[in-house]
$ cat query16.cif   # mmCIF, C-alpha atoms
data_run
loop_
_atom_site.label_atom_id
_atom_site.label_comp_id
_atom_site.auth_asym_id
_atom_site.auth_seq_id
_atom_site.Cartn_x
_atom_site.Cartn_y
_atom_site.Cartn_z
CA MET V 78 0.00 0.00 0.00
CA PHE V 79 1.21 3.49 -0.79
CA ARG V 80 0.39 7.08 0.17
CA PRO V 81 1.22 10.37 -1.58
CA ALA V 82 4.14 12.46 -0.36
CA ALA V 83 2.47 15.25 1.60
CA SER V 84 4.93 17.94 0.59
CA ARG V 85 4.72 17.01 -3.09
CA LEU V 86 0.94 17.16 -3.10
CA LEU V 87 0.91 20.40 -1.14
CA GLY V 88 3.32 21.93 -3.64
CA LEU V 89 1.10 20.95 -6.56
CA PHE V 90 -2.02 22.21 -4.79
CA VAL V 91 -0.42 25.56 -3.98
CA ILE V 92 0.88 26.13 -7.50
CA LEU V 93 -2.50 25.33 -9.04
CA ALA V 94 -4.31 27.25 -6.33
CA LEU V 95 -2.22 30.33 -7.02
CA SER V 96 -3.09 30.16 -10.69
CA ALA V 97 -6.77 29.77 -9.78
CA GLY V 98 -6.69 32.59 -7.18
CA THR V 99 -7.56 30.17 -4.37
CA THR V 100 -5.78 29.43 -1.06
CA PHE V 101 -5.72 25.96 0.37
CA GLY V 102 -4.36 24.51 3.59
CA ALA V 103 -2.94 21.06 4.10
CA THR V 104 -1.99 18.88 7.03
CA SER V 105 0.92 16.43 6.89
CA LYS V 106 0.76 13.13 8.78
CA THR V 107 3.83 10.98 9.25
CA LYS V 108 3.18 7.25 9.29
CA LYS V 109 5.50 4.36 8.59
CA LYS V 110 2.66 2.36 7.11
CA LYS V 111 2.00 3.16 3.47
CA VAL V 112 -1.62 3.64 2.46
CA ARG V 113 -3.35 4.08 -0.88
CA ALA V 114 -3.67 7.64 -2.15
CA THR V 115 -7.17 8.96 -2.41
CA ALA V 116 -8.65 12.35 -3.15
CA ALA V 117 -12.26 11.35 -2.57
CA SER V 118 -12.57 13.74 0.38
CA TYR V 119 -11.75 16.70 -1.83
CA ARG V 120 -14.90 17.87 -3.64
CA ALA V 121 -13.49 19.99 -6.44
CA PRO V 122 -15.51 20.79 -9.57
CA HIS V 123 -14.94 18.21 -12.26
CA HIS V 124 -13.72 20.79 -14.78
CA SER V 125 -11.36 22.80 -12.52
CA PRO V 126 -7.52 22.43 -12.47
CA ILE V 127 -7.68 21.22 -8.86
CA GLY V 128 -10.41 18.77 -9.78
CA HIS V 129 -8.17 17.41 -12.52
CA LEU V 130 -5.34 17.01 -9.98
CA ALA V 131 -7.67 15.21 -7.57
CA ARG V 132 -8.66 12.72 -10.28
CA LEU V 133 -4.99 12.27 -11.15
CA VAL V 134 -4.08 11.51 -7.54
CA LYS V 135 -6.76 8.81 -7.36
CA ARG V 136 -5.03 7.00 -10.23
CA THR V 137 -1.41 7.56 -9.04
CA ARG V 138 0.69 5.81 -6.43
CA TYR V 139 3.52 7.56 -4.64
CA LYS V 140 6.18 6.38 -2.25
CA TYR V 141 6.08 7.34 1.42
CA SER V 142 7.88 10.64 2.17
CA PRO V 143 9.59 11.41 5.51
CA TRP V 144 9.20 15.19 5.22
CA THR V 145 6.62 16.80 7.51
CA THR V 146 7.32 20.44 6.58
CA PRO V 147 5.50 21.64 3.45
CA THR V 148 7.61 22.84 0.55
CA PHE V 149 5.08 25.52 -0.41
CA ALA V 150 3.26 28.02 1.80
CA ASP V 151 2.38 31.70 2.12
CA SER V 152 5.61 32.95 3.71
CA THR V 153 4.39 36.50 4.32
CA VAL V 154 1.69 35.80 6.92
CA GLY V 155 2.10 37.88 10.08
CA ASP V 156 5.08 39.94 8.89
CA MET V 157 5.46 43.50 10.23
CA VAL V 158 6.61 45.67 7.34
CA ASP V 159 6.05 49.31 8.39
CA GLY V 160 9.77 50.07 8.78
CA GLU V 161 11.06 48.00 5.89
CA ASP V 162 12.37 49.14 2.53
CA LEU V 163 9.29 48.33 0.50
CA THR V 164 11.16 48.16 -2.80
CA VAL V 165 13.47 45.51 -1.38
CA ARG V 166 10.58 43.66 0.25
CA ARG V 167 8.60 43.53 -2.98
CA ALA V 168 11.65 42.15 -4.81
CA ALA V 169 12.19 39.49 -2.11
CA VAL V 170 8.56 38.40 -1.93
CA GLN V 171 8.35 38.06 -5.71
CA ALA V 172 11.60 36.07 -5.77
CA LEU V 173 10.50 33.67 -3.03
CA GLY V 174 7.17 33.00 -4.75
CA PRO V 175 5.24 30.04 -3.30
CA PHE V 176 8.22 28.50 -1.46
CA ASN V 177 8.04 27.92 2.28
CA GLY V 178 11.06 29.87 3.47
CA SER V 179 12.61 33.14 4.54
CA VAL V 180 14.53 35.89 2.76
CA VAL V 181 16.64 38.29 4.83
CA VAL V 182 18.18 41.38 3.18
CA VAL V 183 20.69 43.55 5.06
CA ASP V 184 22.62 46.73 4.37
CA PRO V 185 26.10 45.48 5.35
CA GLN V 186 27.41 49.00 5.91
CA THR V 187 24.94 49.75 8.71
CA GLY V 188 23.35 46.49 9.85
CA ARG V 189 19.87 47.68 8.90
CA LEU V 190 17.48 44.86 8.07
CA LEU V 191 15.85 46.11 4.88
CA THR V 192 13.36 43.24 4.87
CA ILE V 193 12.65 39.95 6.58
CA VAL V 194 10.23 37.79 4.64
CA ASN V 195 8.69 35.17 6.94
CA GLN V 196 9.71 36.74 10.24
CA LYS V 197 8.27 33.87 12.24
CA LEU V 198 10.70 31.47 10.57
CA ALA V 199 13.68 33.84 10.72
CA PHE V 200 13.28 34.44 14.46
CA LYS V 201 13.00 30.73 15.33
CA SER V 202 15.63 28.79 17.28
CA GLY V 203 17.58 27.95 14.16
CA PHE V 204 18.31 25.16 11.70
CA GLU V 205 21.39 23.20 10.76
CA PRO V 206 23.56 25.52 8.65
CA CYS V 207 24.47 22.70 6.24
CA SER V 208 27.37 23.72 4.01
CA THR V 209 27.13 27.43 4.83
CA ILE V 210 29.19 26.49 7.92
CA LYS V 211 32.10 26.18 5.50
CA LEU V 212 32.40 29.98 5.62
CA VAL V 213 33.23 29.70 9.33
CA ALA V 214 35.53 26.74 8.75
CA ALA V 215 37.41 28.53 5.98
CA LEU V 216 37.93 31.72 8.00
CA ALA V 217 39.01 29.74 11.06
CA GLY V 218 41.35 27.53 9.04
CA LEU V 219 42.96 30.53 7.33
CA GLU V 220 43.41 32.42 10.59
CA GLU V 221 44.92 29.40 12.38
CA GLY V 222 47.22 28.64 9.46
CA VAL V 223 46.00 25.11 8.83
CA ILE V 224 45.20 26.18 5.25
CA ASP V 225 45.98 29.06 2.93
CA GLU V 226 44.60 30.03 -0.47
CA ASN V 227 47.08 27.65 -2.13
CA SER V 228 46.52 24.65 0.15
CA THR V 229 45.38 21.54 -1.69
CA LEU V 230 43.62 18.36 -0.70
CA ARG V 231 43.96 15.35 -2.96
CA ILE V 232 40.62 13.99 -4.16
CA GLY V 233 41.14 10.68 -5.87
CA ARG V 234 44.37 9.73 -7.62
CA ARG V 235 44.77 12.61 -10.03
CA HIS V 236 42.88 15.57 -8.67
CA ALA V 237 43.74 17.98 -5.86
CA ILE V 238 41.52 20.94 -4.98
CA THR V 239 42.30 24.35 -3.49
CA LEU V 240 40.21 26.50 -1.16
CA THR V 241 38.72 28.33 -4.15
CA GLU V 242 37.39 25.17 -5.78
CA ALA V 243 36.34 23.71 -2.42
CA LEU V 244 34.17 26.75 -1.67
CA ALA V 245 32.81 26.96 -5.21
CA LYS V 246 31.82 23.30 -5.36
CA SER V 247 31.21 22.81 -1.63
CA ASN V 248 33.67 19.97 -1.23
CA ASN V 249 33.01 18.11 2.03
CA PRO V 250 36.37 16.31 2.51
CA PHE V 251 38.29 19.60 2.22
CA PHE V 252 36.36 21.21 5.06
CA ALA V 253 36.14 18.04 7.11
CA ASN V 254 39.93 18.04 7.06
CA ILE V 255 39.94 21.59 8.48
CA GLY V 256 37.68 20.55 11.34
CA GLU V 257 39.82 17.57 12.22
CA LYS V 258 42.95 19.72 12.29
CA LEU V 259 41.40 22.56 14.30
CA GLY V 260 39.53 20.48 16.85
CA PHE V 261 36.29 21.21 18.66
CA ASP V 262 37.40 24.05 20.94
CA ARG V 263 38.89 26.20 18.17
CA VAL V 264 35.96 25.70 15.83
CA VAL V 265 33.46 26.71 18.52
CA TYR V 266 35.65 29.68 19.51
CA TYR V 267 35.54 31.09 15.99
CA ALA V 268 31.86 30.27 15.53
CA ARG V 269 31.08 32.26 18.67
CA GLN V 270 33.29 35.16 17.57
CA PHE V 271 31.41 35.27 14.28
CA GLY V 272 28.06 35.57 16.06
CA LEU V 273 26.76 32.01 16.17
CA GLY V 274 24.92 30.94 19.30
CA GLU V 275 23.78 34.48 20.16
CA ARG V 276 21.11 36.88 18.98
CA ALA V 277 22.03 38.79 15.85
CA THR V 278 19.56 41.63 16.38
CA LEU V 279 19.63 44.56 18.78
CA ASP V 280 15.92 45.31 18.97
CA SER V 281 14.03 42.06 18.28
CA PRO V 282 13.41 40.20 21.57
CA GLU V 283 11.40 37.58 19.70
CA GLU V 284 14.60 36.37 18.01
CA LEU V 285 16.00 33.13 19.46
CA PRO V 286 19.78 32.74 19.58
CA GLY V 287 20.37 29.38 17.96
CA THR V 288 22.79 26.97 19.65
CA LEU V 289 26.35 25.74 19.64
CA PRO V 290 27.06 22.18 20.80
CA ASP V 291 28.70 21.22 24.10
CA GLY V 292 30.91 18.63 22.46
CA PRO V 293 32.01 17.27 19.08
CA PRO V 294 29.61 15.21 16.96
CA ALA V 295 29.65 11.46 17.43
CA ASP V 296 30.69 11.14 13.78
CA GLY V 297 33.71 13.42 14.25
CA MET V 298 34.65 17.05 13.74
CA GLY V 299 34.52 16.66 9.98
CA MET V 300 30.74 16.57 10.16
CA MET V 301 30.65 19.84 12.08
CA THR V 302 32.80 21.80 9.62
CA SER V 303 31.33 20.31 6.44
CA PHE V 304 27.61 20.05 7.36
CA GLY V 305 27.27 22.05 10.58
CA GLU V 306 26.21 19.01 12.61
CA GLY V 307 25.30 20.01 16.16
CA ILE V 308 24.98 23.71 15.28
CA TYR V 309 21.66 25.51 14.87
CA LEU V 310 21.79 28.78 13.01
CA THR V 311 19.18 31.43 12.20
CA PRO V 312 19.02 33.29 8.87
CA LEU V 313 19.71 36.46 10.86
CA GLN V 314 22.97 35.13 12.29
CA LEU V 315 24.08 34.01 8.85
CA ALA V 316 23.16 37.44 7.45
CA ALA V 317 25.22 39.19 10.15
CA LEU V 318 28.27 37.00 9.42
CA THR V 319 27.90 37.48 5.66
CA SER V 320 27.63 41.23 6.21
CA ALA V 321 30.94 41.18 8.09
CA ILE V 322 32.58 39.41 5.14
CA ALA V 323 31.00 41.94 2.74
CA ASN V 324 32.08 45.04 4.68
CA GLY V 325 35.60 43.99 5.67
CA GLY V 326 35.12 42.65 9.19
CA THR V 327 32.54 44.70 11.12
CA LEU V 328 29.97 42.52 12.86
CA TYR V 329 26.98 44.81 13.33
CA TYR V 330 23.96 44.26 15.49
CA LEU V 331 21.15 43.86 12.97
CA GLN V 332 18.34 46.36 13.45
CA HIS V 333 14.79 45.94 12.16
CA PRO V 334 13.00 49.33 12.21
CA ARG V 335 9.33 49.23 13.16
CA SER V 336 8.46 52.45 11.29
CA GLN V 337 9.89 54.67 8.60
CA GLU V 338 10.72 57.23 11.30
CA GLN V 339 12.81 54.63 13.13
CA ALA V 340 14.49 53.74 9.86
CA THR V 341 15.61 57.33 9.22
CA GLN V 342 16.87 57.72 12.80
CA MET V 343 18.67 54.39 13.05
CA VAL V 344 22.18 54.53 14.49
CA PRO V 345 24.47 51.64 13.42
CA ARG V 346 25.68 49.57 16.38
CA VAL V 347 28.86 47.52 16.26
CA LYS V 348 28.83 44.22 18.12
CA ARG V 349 32.53 43.51 17.57
CA GLN V 350 35.28 44.09 15.06
CA LEU V 351 36.49 40.85 13.46
CA ASP V 352 40.11 40.60 12.41
CA ILE V 353 39.30 39.03 9.05
CA GLU V 354 39.98 41.81 6.54
CA HIS V 355 43.23 40.13 5.45
CA LEU V 356 41.39 36.82 5.00
CA ILE V 357 38.50 38.04 2.87
CA PRO V 358 40.48 38.33 -0.41
CA LYS V 359 41.31 34.63 -0.01
CA MET V 360 37.60 33.79 0.41
CA LYS V 361 36.16 35.85 -2.41
CA PRO V 362 37.38 33.81 -5.41
CA GLY V 363 35.66 30.68 -4.09
CA MET V 364 32.45 32.52 -3.20
CA MET V 365 32.41 34.12 -6.64
CA GLY V 366 33.21 30.77 -8.22
CA ALA V 367 30.15 29.24 -6.55
CA VAL V 368 27.97 31.56 -8.65
CA GLU V 369 30.05 31.43 -11.81
CA TYR V 370 30.60 27.67 -12.08
CA GLY V 371 29.78 25.97 -8.78
CA THR V 372 26.76 25.10 -6.65
CA ALA V 373 25.11 28.54 -6.91
CA ARG V 374 24.97 28.91 -10.68
CA ARG V 375 21.24 29.64 -10.52
CA ALA V 376 22.04 32.96 -8.81
CA SER V 377 23.92 34.20 -11.86
CA PHE V 378 22.37 36.65 -14.28
CA ASP V 379 23.57 39.34 -16.64
CA ALA V 380 24.54 42.04 -14.17
CA THR V 381 27.41 44.49 -13.68
CA ASP V 382 27.87 43.65 -10.02
CA PRO V 383 29.15 40.13 -9.33
CA ILE V 384 27.36 38.02 -6.74
CA LEU V 385 29.37 36.03 -4.20
CA GLY V 386 27.88 33.33 -2.02
CA LYS V 387 27.77 29.92 -0.39
CA THR V 388 25.04 27.31 -0.69
CA GLY V 389 23.95 24.70 1.84
CA THR V 390 21.82 21.57 1.52
CA CYS V 391 21.03 19.01 4.23
CA THR V 392 18.28 17.58 6.42
CA ASP V 393 17.32 18.93 9.83
CA LEU V 394 16.08 15.80 11.57
CA ARG V 395 14.32 17.66 14.36
CA SER V 396 11.38 18.61 12.12
CA PRO V 397 12.17 16.67 9.90
CA THR V 398 12.69 19.02 6.98
CA HIS V 399 14.98 19.33 4.01
CA LEU V 400 16.89 22.63 3.95
CA GLY V 401 18.20 24.86 1.22
CA TRP V 402 20.47 27.79 2.23
CA PHE V 403 22.21 30.53 0.32
CA ALA V 404 24.23 33.36 1.87
CA SER V 405 25.34 36.06 -0.57
CA PHE V 406 26.32 39.64 -1.29
CA ASN V 407 26.92 41.74 -4.40
CA ASP V 408 30.44 43.08 -4.44
CA ILE V 409 30.59 46.28 -6.48
CA GLY V 410 28.79 49.59 -6.23
CA PRO V 411 27.65 51.91 -3.45
CA ASN V 412 24.47 49.96 -2.67
CA LYS V 413 25.95 46.64 -1.66
CA LEU V 414 23.40 44.22 -0.18
CA VAL V 415 23.49 40.93 1.70
CA VAL V 416 20.78 38.42 0.75
CA VAL V 417 20.28 35.24 2.78
CA VAL V 418 17.71 32.65 1.71
CA LEU V 419 16.49 29.69 3.75
CA LEU V 420 14.06 27.22 2.16
CA THR V 421 12.34 24.44 4.12
CA GLY V 422 10.29 21.51 2.88
CA GLY V 423 10.79 18.28 0.99
CA ARG V 424 12.98 16.93 -1.76
CA PRO V 425 12.59 19.92 -4.14
CA VAL V 426 14.40 22.12 -1.58
CA ASN V 427 18.17 22.55 -1.79
CA GLY V 428 20.94 25.13 -1.87
CA PRO V 429 20.96 25.61 -5.65
CA VAL V 430 17.22 26.40 -5.57
CA ALA V 431 17.84 28.88 -2.73
CA SER V 432 20.57 30.53 -4.79
CA GLY V 433 18.06 30.95 -7.61
CA VAL V 434 15.72 32.78 -5.23
CA ALA V 435 18.54 35.12 -4.15
CA GLY V 436 19.51 35.71 -7.77
CA ALA V 437 15.93 36.71 -8.49
CA VAL V 438 16.09 39.26 -5.63
CA TYR V 439 19.16 40.90 -7.17
CA ARG V 440 17.60 40.73 -10.64
CA ASN V 441 14.34 42.31 -9.47
CA LEU V 442 16.22 45.15 -7.78
CA THR V 443 18.39 45.66 -10.86
CA ASP V 444 15.22 45.96 -12.94
CA GLU V 445 14.05 48.63 -10.47
CA ASN V 446 17.36 50.49 -10.96
CA TYR V 447 17.87 50.10 -7.21
CA PHE V 448 21.66 49.71 -7.22
CA ALA V 449 22.21 52.83 -9.32
CA GLN V 450 20.37 55.06 -6.86
CA SER V 451 21.87 56.74 -3.83
CA ARG V 452 20.30 55.67 -0.57
CA PRO V 453 19.22 58.55 1.66
CA VAL V 454 21.73 59.06 4.48
CA THR V 455 20.89 60.97 7.65
CA PRO V 456 23.53 62.39 10.03
CA LEU V 457 22.58 59.70 12.54
CA ALA V 458 23.27 56.95 10.04
CA LEU V 459 26.87 58.13 9.77
CA ILE V 460 27.47 57.44 13.45
CA SER V 461 28.73 54.01 14.47
CA THR V 462 28.88 53.39 18.20
CA GLN V 463 29.91 50.42 20.27
CA ALA V 464 26.84 48.90 21.99
CA GLN V 465 27.32 47.49 25.45
#
$ encode --input "query16.cif" --output "structure tokens"
Amino acid sequence: MFRPAASRLLGLFVILALSAGTTFGATSKTKKKKVRATAASYRAPHHSPIGHLARLVKRTRYKYSPWTTPTFADSTVGDMVDGEDLTVRRAAVQALGPFNGSVVVVDPQTGRLLTIVNQKLAFKSGFEPCSTIKLVAALAGLEEGVIDENSTLRIGRRHAITLTEALAKSNNPFFANIGEKLGFDRVVYYARQFGLGERATLDSPEELPGTLPDGPPADGMGMMTSFGEGIYLTPLQLAALTSAIANGGTLYYLQHPRSQEQATQMVPRVKRQLDIEHLIPKMKPGMMGAVEYGTARRASFDATDPILGKTGTCTDLRSPTHLGWFASFNDIGPNKLVVVVLLTGGRPVNGPVASGVAGAVYRNLTDENYFAQSRPVTPLALISTQAQ
């Protein structure tokens, strides 16, 4: 006996419902026993697209799916947007489309959160960072001298990869090797310095801090530095770290204005200064390579400003849900932005898909001529103070 995969059906229902102007809800049930698919309980008109799908389901058998988180949902429900940059928000919402996920966009020069799509998800206790943890591993490995930009790791008999290729193609053995050489204490030290395990925001008490583990994974340190095993990260923390890479090493408190007045009066607040400026030029070729020829090719489009980023794909077994991450920034021009995408759901979700969502954000803003415009700057926005 078989039952349909809940996330797959929900995705099909949402896509067809969007085209029909109708909203549907769905409930996922996880059972080990497989049962026959039936759509008899759904009374759709015989001639409608949803009715056609219901008849199709009655004739189709699907394998059991372990995913309990839907791949598609309305990710804007409950968001507070009064203080957001509405141009950026519109671009992010359009890019995310029907996916169940979050898009966080930050001004890396000030720490202002320009938009958070799906604030409920972004403020949660965090998810496994998957391969985005390789940003932390690379910075830690470079700083500790266990690798440099020319270090190689032999993969097979005839191929050795450098840091650039390892970042671009998200090579697990390369970063597992870093974790094994650094050890648990040094990896956690750098993760904490880079803002993991603590709130990223200054003014959002609803944000949960994520967690860092008390000890190494049972499978070894390689799993921590290649997949992020044992670490739970929020999109906000990843956006703060990516902003520090984009701006040369300043880890800002992220601030989410609640009104346009708050936005114009926002004073940037520095959490700490990271000594990574000399490391960033060694990171950039791999992050750019991810978009040009690696795991994030879907983010690429015909634009003047290059996009740099790191994908992540894995399963968070607590939900369980499949995850797709992409942390990115555009590197040239006065209006540099950080865009972090987290997708949750079933098998269709992965890092390359998340990179495509981020690429659509940059593309939408380019179409709006956003990056060619000067952002309004108030005297207060020029002040950067150390927050206690």
$ residues_near_point --input "query16.cif" --point "(11.5, 37.1, -6.0)" --cutoff "7 Å" --atoms "all atoms listed in the file" --output "list in words"
Ala168, Ala169, Val170, Gln171, Ala172, Leu173, Gly174, Val434, Ala437, Val438 and Asn441 of chain V
$ write_last_selection --input "query16.cif" --atoms "C-alpha atoms" --output "PDB file, in the frame of the given file"
ATOM      1  CA  ALA V 168      11.650  42.150  -4.810  1.00  0.00           C
ATOM      2  CA  ALA V 169      12.190  39.490  -2.110  1.00  0.00           C
ATOM      3  CA  VAL V 170       8.560  38.400  -1.930  1.00  0.00           C
ATOM      4  CA  GLN V 171       8.350  38.060  -5.710  1.00  0.00           C
ATOM      5  CA  ALA V 172      11.600  36.070  -5.770  1.00  0.00           C
ATOM      6  CA  LEU V 173      10.500  33.670  -3.030  1.00  0.00           C
ATOM      7  CA  GLY V 174       7.170  33.000  -4.750  1.00  0.00           C
ATOM      8  CA  VAL V 434      15.720  32.780  -5.230  1.00  0.00           C
ATOM      9  CA  ALA V 437      15.930  36.710  -8.490  1.00  0.00           C
ATOM     10  CA  VAL V 438      16.090  39.260  -5.630  1.00  0.00           C
ATOM     11  CA  ASN V 441      14.340  42.310  -9.470  1.00  0.00           C
TER      12      ASN V 441
END
$ closest_residue --input "query16.cif" --among "V:Arg424, V:Arg440, V:Arg166, V:Arg231" --to "Ala380 (chain V)" --atoms "only C-alpha atoms"
V:Arg440
$ residues_around --input "query16.cif" --residues "region 281-292 of chain V" --least-positions-apart "4" --cutoff "9 Å" --atoms "all atoms listed in the file" --output "PyMOL selection string"
chain V and resi 197+199-204+261-262+265+268-269+273-277+306-311+313-314+332-333
$ closest_residue --input "query16.cif" --among "V:Gly389, V:Gly325, V:Pro383, V:Gly272" --to "Tyr439 (chain V)" --atoms "all atoms listed in the file"
V:Pro383
$ resolve_selection --input "query16.cif" --expression "the PyMOL selection byres ((chain V and resi 327) around 7)" --output "ChimeraX atom specification"
/V:321,324-326,328-329,347,349-351
$ write_last_selection --input "query16.cif" --atoms "C-alpha atoms" --output "compact mmCIF listing (two decimals), in the coordinates of the input"
# COMPACT_ATOMS: atom_id res chain seq x y z
CA ALA V 321 30.94 41.18 8.09
CA ASN V 324 32.08 45.04 4.68
CA GLY V 325 35.60 43.99 5.67
CA GLY V 326 35.12 42.65 9.19
CA LEU V 328 29.97 42.52 12.86
CA TYR V 329 26.98 44.81 13.33
CA VAL V 347 28.86 47.52 16.26
CA ARG V 349 32.53 43.51 17.57
CA GLN V 350 35.28 44.09 15.06
CA LEU V 351 36.49 40.85 13.46
$ resolve_selection --input "query16.cif" --expression "the PyMOL selection byres ((chain V and resi 264) around 12)" --output "count of residues only"
43
$ resolve_selection --input "query16.cif" --expression "the PyMOL selection byres ((chain V and resi 359) around 12)" --output "PyMOL selection string"
chain V and resi 212+215-216+218-220+224-228+239-242+244+322+353-358+360-365
$ residues_around --input "query16.cif" --residues "Leu163 (chain V)" --least-positions-apart "4" --cutoff "8 Å" --atoms "only C-alpha atoms" --output "NGL selection string"
:V and (158 or 167 or 192)
$ write_last_selection --input "query16.cif" --atoms "C-alpha atoms" --output "mmCIF file, in the frame of the given file"
data_model
loop_
_atom_site.group_PDB
_atom_site.id
_atom_site.type_symbol
_atom_site.label_atom_id
_atom_site.label_comp_id
_atom_site.auth_asym_id
_atom_site.auth_seq_id
_atom_site.Cartn_x
_atom_site.Cartn_y
_atom_site.Cartn_z
ATOM 1 C CA VAL V 158 6.610 45.670 7.340
ATOM 2 C CA ARG V 167 8.600 43.530 -2.980
ATOM 3 C CA THR V 192 13.360 43.240 4.870
#
$ atom_distance --input "query16.cif" --atom1 "CA of Thr398 (chain V)" --atom2 "CA of Gly297 (chain V)"
22.9 Å
$ closest_residue --input "query16.cif" --among "V:Val182, V:Gln337, V:Phe176, V:Leu198" --to "Asn427 (chain V)" --atoms "all atoms listed in the file"
V:Phe176
$ decode --input "query16.cif" --residues "region 328-342 of chain V" --atoms "N, CA and C atoms" --output "PDB file, in the first residue's frame"
ATOM      1  N   LEU V 328      31.160  43.279  12.512  1.00  0.00           N
ATOM      2  CA  LEU V 328      29.966  42.516  12.855  1.00  0.00           C
ATOM      3  C   LEU V 328      28.991  43.460  13.542  1.00  0.00           C
ATOM      4  N   TYR V 329      27.977  43.890  12.790  1.00  0.00           N
ATOM      5  CA  TYR V 329      26.983  44.811  13.327  1.00  0.00           C
ATOM      6  C   TYR V 329      25.877  44.044  14.053  1.00  0.00           C
ATOM      7  N   TYR V 330      25.279  44.696  15.051  1.00  0.00           N
ATOM      8  CA  TYR V 330      23.964  44.264  15.486  1.00  0.00           C
ATOM      9  C   TYR V 330      22.989  44.571  14.348  1.00  0.00           C
ATOM     10  N   LEU V 331      22.175  43.605  13.973  1.00  0.00           N
ATOM     11  CA  LEU V 331      21.148  43.856  12.970  1.00  0.00           C
ATOM     12  C   LEU V 331      19.986  44.585  13.629  1.00  0.00           C
ATOM     13  N   GLN V 332      19.451  45.586  12.924  1.00  0.00           N
ATOM     14  CA  GLN V 332      18.335  46.363  13.452  1.00  0.00           C
ATOM     15  C   GLN V 332      17.187  46.347  12.450  1.00  0.00           C
ATOM     16  N   HIS V 333      15.990  46.064  12.979  1.00  0.00           N
ATOM     17  CA  HIS V 333      14.788  45.941  12.164  1.00  0.00           C
ATOM     18  C   HIS V 333      13.831  47.059  12.553  1.00  0.00           C
ATOM     19  N   PRO V 334      13.862  48.200  11.844  1.00  0.00           N
ATOM     20  CA  PRO V 334      13.002  49.326  12.209  1.00  0.00           C
ATOM     21  C   PRO V 334      11.527  48.948  12.161  1.00  0.00           C
ATOM     22  N   ARG V 335      10.761  49.499  13.093  1.00  0.00           N
ATOM     23  CA  ARG V 335       9.325  49.234  13.155  1.00  0.00           C
ATOM     24  C   ARG V 335       8.489  50.316  12.474  1.00  0.00           C
ATOM     25  N   SER V 336       9.152  51.370  12.006  1.00  0.00           N
ATOM     26  CA  SER V 336       8.458  52.448  11.292  1.00  0.00           C
ATOM     27  C   SER V 336       9.478  53.150  10.406  1.00  0.00           C
ATOM     28  N   GLN V 337       8.985  53.926   9.460  1.00  0.00           N
ATOM     29  CA  GLN V 337       9.891  54.674   8.603  1.00  0.00           C
ATOM     30  C   GLN V 337      10.640  55.740   9.393  1.00  0.00           C
ATOM     31  N   GLU V 338      10.031  56.268  10.440  1.00  0.00           N
ATOM     32  CA  GLU V 338      10.722  57.227  11.298  1.00  0.00           C
ATOM     33  C   GLU V 338      11.909  56.574  11.999  1.00  0.00           C
ATOM     34  N   GLN V 339      11.701  55.355  12.523  1.00  0.00           N
ATOM     35  CA  GLN V 339      12.812  54.627  13.133  1.00  0.00           C
ATOM     36  C   GLN V 339      13.905  54.334  12.111  1.00  0.00           C
ATOM     37  N   ALA V 340      13.507  54.052  10.897  1.00  0.00           N
ATOM     38  CA  ALA V 340      14.492  53.739   9.861  1.00  0.00           C
ATOM     39  C   ALA V 340      15.392  54.936   9.575  1.00  0.00           C
ATOM     40  N   THR V 341      14.811  56.132   9.512  1.00  0.00           N
ATOM     41  CA  THR V 341      15.614  57.327   9.215  1.00  0.00           C
ATOM     42  C   THR V 341      16.479  57.738  10.400  1.00  0.00           C
ATOM     43  N   GLN V 342      16.117  57.337  11.609  1.00  0.00           N
ATOM     44  CA  GLN V 342      16.875  57.720  12.800  1.00  0.00           C
ATOM     45  C   GLN V 342      17.788  56.606  13.314  1.00  0.00           C
TER      46      GLN V 342
END
